[in-house]
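This report refers to the structure that appears directly beneath it.
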Amino acid sequence: MGKENPKQHQPSLHESTHSLKGTFIAVMLLGIFILVAWFGFYALFLSR
Amino acid sequence: MATNQLPLAKKDARLYMAFMYVTYTALLVGGLMGLLQTLARSGKYTLPFNINYYTILTVHGVILGLVLTTFFIIGFQFSLMEKTVGISDKQRKVAWLSFWVMVTGTIMAAITILIGEASVLYTFYAPLRAHPAFYFGLAFVIIGSWIAAFVNFRQLYVWKKAHKGQKSPLLAFMVTINMLMWFIATIGVATSVIIQFIPWSLGYAETINVLLSRTLFWYFGHPLVYFWLLPAYMAWYAIIPKIIGGKLFSDPLARLAFILLLLFSIPVGFHHQLTEPGIDPTWKFIQVVLTFMVIIPSLMTAFSIFATFEITGRKKGYKSLFGWFKKLPWKDVRFLAPFIGMAAFIPGGAGGIVNASHQMNALVHNTIWITGHFHLTAATTVILTFFGITYWLVPHLTGRRLTPRLNKLGIIQTFVWTVGMTIMSGAMHIQGLLGGPRRSNFSEYAGGEQVATWINYQIAQTVGGTILFIGILLMVYIFIQLTFFAPRGVEEFPIAEEEKNAEPTPKILENWYLWIGITIALILFAYTIPVFDILKHSPPGSPPFDWPIGRG
């Protein structure tokens with residue numbers, strides 16, 4: 001086995017990042033908020 | 001190039017502070033007008049000295065929507081350019097020229113409005129006619145901002161020549177995108193002002209094509225709101241991470257978001273004209289689709305911000321799902337004020353999607369819901385971020401420090417603003433859904449039943465407006481302290497760095513020919529046929545109207 005190239009083994013940002021579970025949940029909640037708001041106002045439009 | 005810790009040279013700081021003086025003078029004057037408006041609309045207060053409601057409404061919109069924003073943005077962006085790519089003596093001189101041209105235009109427009117010769121609101125819709133000096137003043141403000149744009153372009157160009165093969169600094173790239181968008185967008189309103197309004201207001205042209213003037217205004221009017229928003233995004237992407245002790249989340253993501261905003265901010269003006277009878281619905285539909293494309297970079301931004309917060313918190317050792325959120329620097333006003341701005345953009349953005357949806361636009365068009373909407377987006381998201389920038393930018397420029405006392409006062413200011421705006425903007429949204437009109441002075445409209453449901457919301461707006469004015473006084477006080485009285489010292493100019501092992505940024509993101517080409521192609525696609533239709537099929541033009549509002 002030859003000498004390892006340290007550059008190859010330096011983890012890239014995406015390998016080394018910490019968990020982004022909180023971010024995932026936060027953006028999903030944001031998406032749900034936008035959809036609920038949109039359909040809510042659409043219902044108001046239909047009811048008038 | 002100056003480093004982040006070292007203060008800028010006095011001659012540079014003086015230039016950027018000049019823009020800040022105009023900004024905070026505008027805040028005080030424009031804010032006072034806003035207070036008077038909400039008082040007048042409560043129906044319990046008559047404006048003194050026979051002041052016309054529409055005069056103060058115009059001052060409020062022009063001074064805050066056009067003057068404050070443009071001066072703050074250009075001053076802030078100049079400071080970003082100097083910190084990242086530098087400024088030469090010649091560039092500084094031309095930058096001063098841009099400042100004075102803009103000031104001249106502002107004074108011309110302001111005097112014309114204040115003497116009651118331009119009560120045409122900040123949208124200056126034809127056929128309302130203002131005194132020609134108002135339009136000349138606006139033209140000068142735009143020309144001054146173009147000079148600033150070309151100085152910025154030159155700054156980046158000189159840096160790129162000296163750093164062949166290197167990617168441009170992120171903030172310099174963002175400033176260039178914003179000024180490109182501004183330049184392309186203002187060509188529309190400048191064309192309308194120079195070719196339509198000025199000859200018509202001088203009496204050389206008897207009539208004006210109203211539909212064309214409104215179309216050219218909104219070709220500019222929507223990117224205008226992104227011109228306000230992008231500097232806030234610059235702070236969110238590239239400054240806030242530094243303030244919270246983190247790193248840039250992703251340089252390529254930030255650049256791509258800005259490119260998408262450049263592409264999709266301009267060919268979308270028809271979503272402000274959905275009730276306009278003279279435009280083919282097919283083209284309205286196409287522009288609505290393009291408008292919805294802007295949601296993509298907005299959500300990319302939201303994702304990036306959450307991720308920055310989470311990664312920074314996890315690096316500090318917080319393991320639970322949202323533990324990182326609790327530990328953000330809530331007591332640092334440089335973070336808190338922009339954070340509340342970000343939070344306000346969630347309902348603000350959701351409301352924007354409602355406004356741009358054709359059917360639901362019928363629900364809210366020309367109601368005070370719209371006013372509530374842009375007081376959330378512009379007057380909360382953007383302005384609180386600008387305040388957040390002020391807390392470190394001004395002391396950095398004046399060689400002073402943001403003391404714990406001023407920081408605390410800033411936190412109080414942020415809460416006052418949040419409470420005032422929640423009440424005022426909330427009441428505007430609800431009253432809008434009940435059919436309450438925007439723009440108009442207090443009226444009982446001959447005692448209609450529906451009208452009776454509005455008054456309590458108008459009084460709530462007075463309460464909110466009064467609280468906001470207290471917030472303005474506080475902010476102006478903090479600005480004066482940071483400028484003249486805070487203790488001498490060094491305040492950091494926070495610019496976030498990339499992770500050492502960050503993925504490289506693809507070169508295509510800096511291919512200006514490509515992105516400008518696509519921007520122009522999209523504009524030509526979205527506007528060529530409808531504008532030809534407008535020119536060919538418009539009804540006869542309108543003579544000017546000076547009454548009931550306009551001149552005198």
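Ordered as shown in the structure tokens, chains take letters A, B, and onward, while each chain numbers its residues from 1 and ligands are numbered from 1 in the order shown.
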When you get a sec, could you note down which chain B residues fall within 6 Å of chain A, using only C-alpha atoms, as a ChimeraX atom specification? /B:306-307,321-322,350,501-502
Export of the given selection (N, CA, C and O atoms) as a PDB file, in the first residue's frame:
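Below is the file result_1.pdb, written as the result:
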```pdb
ATOM      1  N   PHE B 306     -31.363  27.924   8.489  1.00  0.00           N
ATOM      2  CA  PHE B 306     -31.572  26.907   9.532  1.00  0.00           C
ATOM      3  C   PHE B 306     -30.320  26.040   9.669  1.00  0.00           C
ATOM      4  O   PHE B 306     -29.888  25.720  10.782  1.00  0.00           O
ATOM      5  N   ALA B 307     -29.749  25.651   8.519  1.00  0.00           N
ATOM      6  CA  ALA B 307     -28.586  24.759   8.553  1.00  0.00           C
ATOM      7  C   ALA B 307     -27.395  25.451   9.220  1.00  0.00           C
ATOM      8  O   ALA B 307     -26.663  24.828   9.992  1.00  0.00           O
ATOM      9  N   LEU B 321     -32.545  17.697  19.411  1.00  0.00           N
ATOM     10  CA  LEU B 321     -33.064  18.064  18.093  1.00  0.00           C
ATOM     11  C   LEU B 321     -33.051  19.582  17.846  1.00  0.00           C
ATOM     12  O   LEU B 321     -32.643  20.054  16.794  1.00  0.00           O
ATOM     13  N   PHE B 322     -33.526  20.339  18.837  1.00  0.00           N
ATOM     14  CA  PHE B 322     -33.558  21.792  18.668  1.00  0.00           C
ATOM     15  C   PHE B 322     -32.766  22.535  19.741  1.00  0.00           C
ATOM     16  O   PHE B 322     -32.958  23.730  19.932  1.00  0.00           O
ATOM     17  N   ALA B 350     -45.541  33.911   2.822  1.00  0.00           N
ATOM     18  CA  ALA B 350     -46.786  33.168   2.578  1.00  0.00           C
ATOM     19  C   ALA B 350     -47.859  34.115   2.040  1.00  0.00           C
ATOM     20  O   ALA B 350     -48.602  33.770   1.103  1.00  0.00           O
ATOM     21  N   ASN B 501     -12.660  22.911   4.429  1.00  0.00           N
ATOM     22  CA  ASN B 501     -12.824  21.797   3.491  1.00  0.00           C
ATOM     23  C   ASN B 501     -14.097  21.945   2.651  1.00  0.00           C
ATOM     24  O   ASN B 501     -14.697  20.965   2.243  1.00  0.00           O
ATOM     25  N   ALA B 502     -14.497  23.204   2.413  1.00  0.00           N
ATOM     26  CA  ALA B 502     -15.728  23.428   1.635  1.00  0.00           C
ATOM     27  C   ALA B 502     -15.541  22.948   0.200  1.00  0.00           C
ATOM     28  O   ALA B 502     -14.436  22.979  -0.338  1.00  0.00           O
TER      29      ALA B 502
END
```
Extract the full set of alpha helix (DSSP H) residues from range 309-486 of chain B according to DSSP on the backbone, and format it as number ranges by chain. B: 309-315, 323-326, 333-356, 358-364, 368-376, 383-398, 404-433, 455-480
May I have the residues within 9 Å of Leu180 in chain B as an MDAnalysis selection string, using only C-alpha atoms and disregarding those fewer than 2 positions away in the same chain? chainID B and resid 149 153 175:178 182:185 262 516
Can you write just those residues out, N, CA and C atoms, as a PDB file, in the first residue's frame?
```pdb
ATOM      1  N   ALA B 149     -23.887  51.911  -9.243  1.00  0.00           N
ATOM      2  CA  ALA B 149     -23.837  50.550  -9.793  1.00  0.00           C
ATOM      3  C   ALA B 149     -22.579  50.362 -10.634  1.00  0.00           C
ATOM      4  N   PHE B 153     -19.504  47.742 -10.315  1.00  0.00           N
ATOM      5  CA  PHE B 153     -19.077  46.826 -11.389  1.00  0.00           C
ATOM      6  C   PHE B 153     -17.571  46.983 -11.638  1.00  0.00           C
ATOM      7  N   VAL B 175     -23.351  41.859  -4.241  1.00  0.00           N
ATOM      8  CA  VAL B 175     -23.597  43.281  -4.519  1.00  0.00           C
ATOM      9  C   VAL B 175     -23.744  43.473  -6.032  1.00  0.00           C
ATOM     10  N   THR B 176     -22.889  42.812  -6.787  1.00  0.00           N
ATOM     11  CA  THR B 176     -22.932  42.964  -8.247  1.00  0.00           C
ATOM     12  C   THR B 176     -24.258  42.448  -8.800  1.00  0.00           C
ATOM     13  N   ILE B 177     -24.726  41.317  -8.277  1.00  0.00           N
ATOM     14  CA  ILE B 177     -26.035  40.795  -8.720  1.00  0.00           C
ATOM     15  C   ILE B 177     -27.132  41.816  -8.413  1.00  0.00           C
ATOM     16  N   ASN B 178     -27.104  42.353  -7.191  1.00  0.00           N
ATOM     17  CA  ASN B 178     -28.177  43.281  -6.811  1.00  0.00           C
ATOM     18  C   ASN B 178     -28.167  44.529  -7.685  1.00  0.00           C
ATOM     19  N   TRP B 182     -30.953  45.894 -10.283  1.00  0.00           N
ATOM     20  CA  TRP B 182     -31.446  47.269 -10.129  1.00  0.00           C
ATOM     21  C   TRP B 182     -31.307  48.035 -11.445  1.00  0.00           C
ATOM     22  N   PHE B 183     -30.167  47.887 -12.095  1.00  0.00           N
ATOM     23  CA  PHE B 183     -29.933  48.624 -13.342  1.00  0.00           C
ATOM     24  C   PHE B 183     -30.925  48.185 -14.414  1.00  0.00           C
ATOM     25  N   ILE B 184     -31.061  46.867 -14.573  1.00  0.00           N
ATOM     26  CA  ILE B 184     -31.970  46.364 -15.623  1.00  0.00           C
ATOM     27  C   ILE B 184     -33.408  46.790 -15.321  1.00  0.00           C
ATOM     28  N   ALA B 185     -33.780  46.745 -14.050  1.00  0.00           N
ATOM     29  CA  ALA B 185     -35.165  47.062 -13.671  1.00  0.00           C
ATOM     30  C   ALA B 185     -35.456  48.552 -13.807  1.00  0.00           C
ATOM     31  N   LEU B 262     -31.985  37.019  -9.502  1.00  0.00           N
ATOM     32  CA  LEU B 262     -31.774  37.927 -10.641  1.00  0.00           C
ATOM     33  C   LEU B 262     -32.673  37.506 -11.808  1.00  0.00           C
ATOM     34  N   ILE B 516     -26.628  37.033 -17.404  1.00  0.00           N
ATOM     35  CA  ILE B 516     -27.255  38.262 -17.922  1.00  0.00           C
ATOM     36  C   ILE B 516     -28.042  37.906 -19.192  1.00  0.00           C
TER      37      ILE B 516
END
```
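The shortest atom-to-atom distance to Leu29 in chain A, with only C-alpha atoms taken into account, belongs to B:Ala302 out of B:Ala302, B:Pro297, B:Val476, B:Leu248.
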Surrounding residues of Phe545 in chain B excluding itself and chain neighbours under 5 positions, 7 Å, only C-alpha atoms, as a PDB file with all heavy atoms, in the first residue's frame:
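And here's result.pdb as it stands now:
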```pdb
ATOM      1  N   PRO B 127     -53.425  58.680 -14.446  1.00  0.00           N
ATOM      2  CA  PRO B 127     -53.280  60.061 -14.925  1.00  0.00           C
ATOM      3  C   PRO B 127     -53.125  61.108 -13.821  1.00  0.00           C
ATOM      4  O   PRO B 127     -53.316  62.290 -14.104  1.00  0.00           O
ATOM      5  CB  PRO B 127     -54.574  60.275 -15.700  1.00  0.00           C
ATOM      6  CG  PRO B 127     -55.580  59.438 -14.980  1.00  0.00           C
ATOM      7  CD  PRO B 127     -54.843  58.261 -14.434  1.00  0.00           C
ATOM      8  N   LEU B 128     -52.808  60.719 -12.572  1.00  0.00           N
ATOM      9  CA  LEU B 128     -52.499  61.745 -11.586  1.00  0.00           C
ATOM     10  C   LEU B 128     -51.235  62.447 -12.059  1.00  0.00           C
ATOM     11  O   LEU B 128     -50.276  61.783 -12.448  1.00  0.00           O
ATOM     12  CB  LEU B 128     -52.230  61.116 -10.217  1.00  0.00           C
ATOM     13  CG  LEU B 128     -53.361  60.315  -9.568  1.00  0.00           C
ATOM     14  CD1 LEU B 128     -52.873  59.722  -8.257  1.00  0.00           C
ATOM     15  CD2 LEU B 128     -54.568  61.191  -9.338  1.00  0.00           C
ATOM     16  N   ARG B 129     -51.235  63.761 -11.986  1.00  0.00           N
ATOM     17  CA  ARG B 129     -50.058  64.477 -12.489  1.00  0.00           C
ATOM     18  C   ARG B 129     -49.377  65.246 -11.371  1.00  0.00           C
ATOM     19  O   ARG B 129     -50.029  65.926 -10.582  1.00  0.00           O
ATOM     20  CB  ARG B 129     -50.451  65.469 -13.581  1.00  0.00           C
ATOM     21  CG  ARG B 129     -49.231  66.287 -14.036  1.00  0.00           C
ATOM     22  CD  ARG B 129     -49.521  67.133 -15.230  1.00  0.00           C
ATOM     23  NE  ARG B 129     -50.534  68.147 -14.953  1.00  0.00           N
ATOM     24  CZ  ARG B 129     -50.817  69.118 -15.805  1.00  0.00           C
ATOM     25  NH1 ARG B 129     -50.190  69.193 -16.965  1.00  0.00           N
ATOM     26  NH2 ARG B 129     -51.749  69.998 -15.515  1.00  0.00           N
ATOM     27  N   GLY B 550     -53.080  65.136  -6.631  1.00  0.00           N
ATOM     28  CA  GLY B 550     -52.133  65.373  -7.713  1.00  0.00           C
ATOM     29  C   GLY B 550     -51.396  66.660  -7.384  1.00  0.00           C
ATOM     30  O   GLY B 550     -50.520  66.674  -6.537  1.00  0.00           O
TER      31      GLY B 550
END
```
Show which residues sit within 12 Å of Lys11 in chain B, as a ChimeraX atom specification. Count only C-alpha atoms, and ignore same-chain residues fewer than 3 positions away. /B:7-8,14-18,87-89,92-93,95-96,397-398
Near-Tyr45 in chain B list (12 Å; only C-alpha atoms; drop same-chain fewer than 5 positions) as a PDB file with N, CA and C atoms, in the first residue's frame:
```
ATOM      1  N   LEU B  35     -46.970  57.970  11.190  1.00  0.00           N
ATOM      2  CA  LEU B  35     -47.754  58.164  12.418  1.00  0.00           C
ATOM      3  C   LEU B  35     -48.972  59.048  12.130  1.00  0.00           C
ATOM      4  N   LEU B  36     -48.742  60.153  11.406  1.00  0.00           N
ATOM      5  CA  LEU B  36     -49.850  61.063  11.091  1.00  0.00           C
ATOM      6  C   LEU B  36     -50.929  60.355  10.266  1.00  0.00           C
ATOM      7  N   GLN B  37     -50.500  59.498   9.356  1.00  0.00           N
ATOM      8  CA  GLN B  37     -51.475  58.756   8.538  1.00  0.00           C
ATOM      9  C   GLN B  37     -52.372  57.885   9.408  1.00  0.00           C
ATOM     10  N   THR B  38     -51.730  57.117  10.318  1.00  0.00           N
ATOM     11  CA  THR B  38     -52.545  56.209  11.121  1.00  0.00           C
ATOM     12  C   THR B  38     -53.473  57.008  12.038  1.00  0.00           C
ATOM     13  N   LEU B  39     -52.984  58.174  12.514  1.00  0.00           N
ATOM     14  CA  LEU B  39     -53.849  59.012  13.357  1.00  0.00           C
ATOM     15  C   LEU B  39     -55.035  59.514  12.539  1.00  0.00           C
ATOM     16  N   ALA B  40     -54.765  59.976  11.318  1.00  0.00           N
ATOM     17  CA  ALA B  40     -55.850  60.510  10.482  1.00  0.00           C
ATOM     18  C   ALA B  40     -56.866  59.423  10.158  1.00  0.00           C
ATOM     19  N   TYR B  53     -53.922  64.813   3.404  1.00  0.00           N
ATOM     20  CA  TYR B  53     -53.582  63.420   3.751  1.00  0.00           C
ATOM     21  C   TYR B  53     -52.712  62.792   2.662  1.00  0.00           C
ATOM     22  N   ASN B 441     -57.954  58.119   2.523  1.00  0.00           N
ATOM     23  CA  ASN B 441     -58.102  58.824   3.800  1.00  0.00           C
ATOM     24  C   ASN B 441     -59.310  58.266   4.553  1.00  0.00           C
ATOM     25  N   PHE B 442     -59.441  58.666   5.813  1.00  0.00           N
ATOM     26  CA  PHE B 442     -60.579  58.202   6.611  1.00  0.00           C
ATOM     27  C   PHE B 442     -61.891  58.610   5.941  1.00  0.00           C
ATOM     28  N   ILE B 459     -58.305  51.812  14.320  1.00  0.00           N
ATOM     29  CA  ILE B 459     -57.806  52.314  15.616  1.00  0.00           C
ATOM     30  C   ILE B 459     -56.616  51.461  16.064  1.00  0.00           C
ATOM     31  N   THR B 462     -53.626  52.703  14.497  1.00  0.00           N
ATOM     32  CA  THR B 462     -53.109  53.912  15.154  1.00  0.00           C
ATOM     33  C   THR B 462     -52.256  53.527  16.358  1.00  0.00           C
TER      34      THR B 462
END
```
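Closest to Val416 in chain B among B:Gly464, B:Gly349, B:Pro169, B:Gly86 is B:Gly464, based on only C-alpha atoms.
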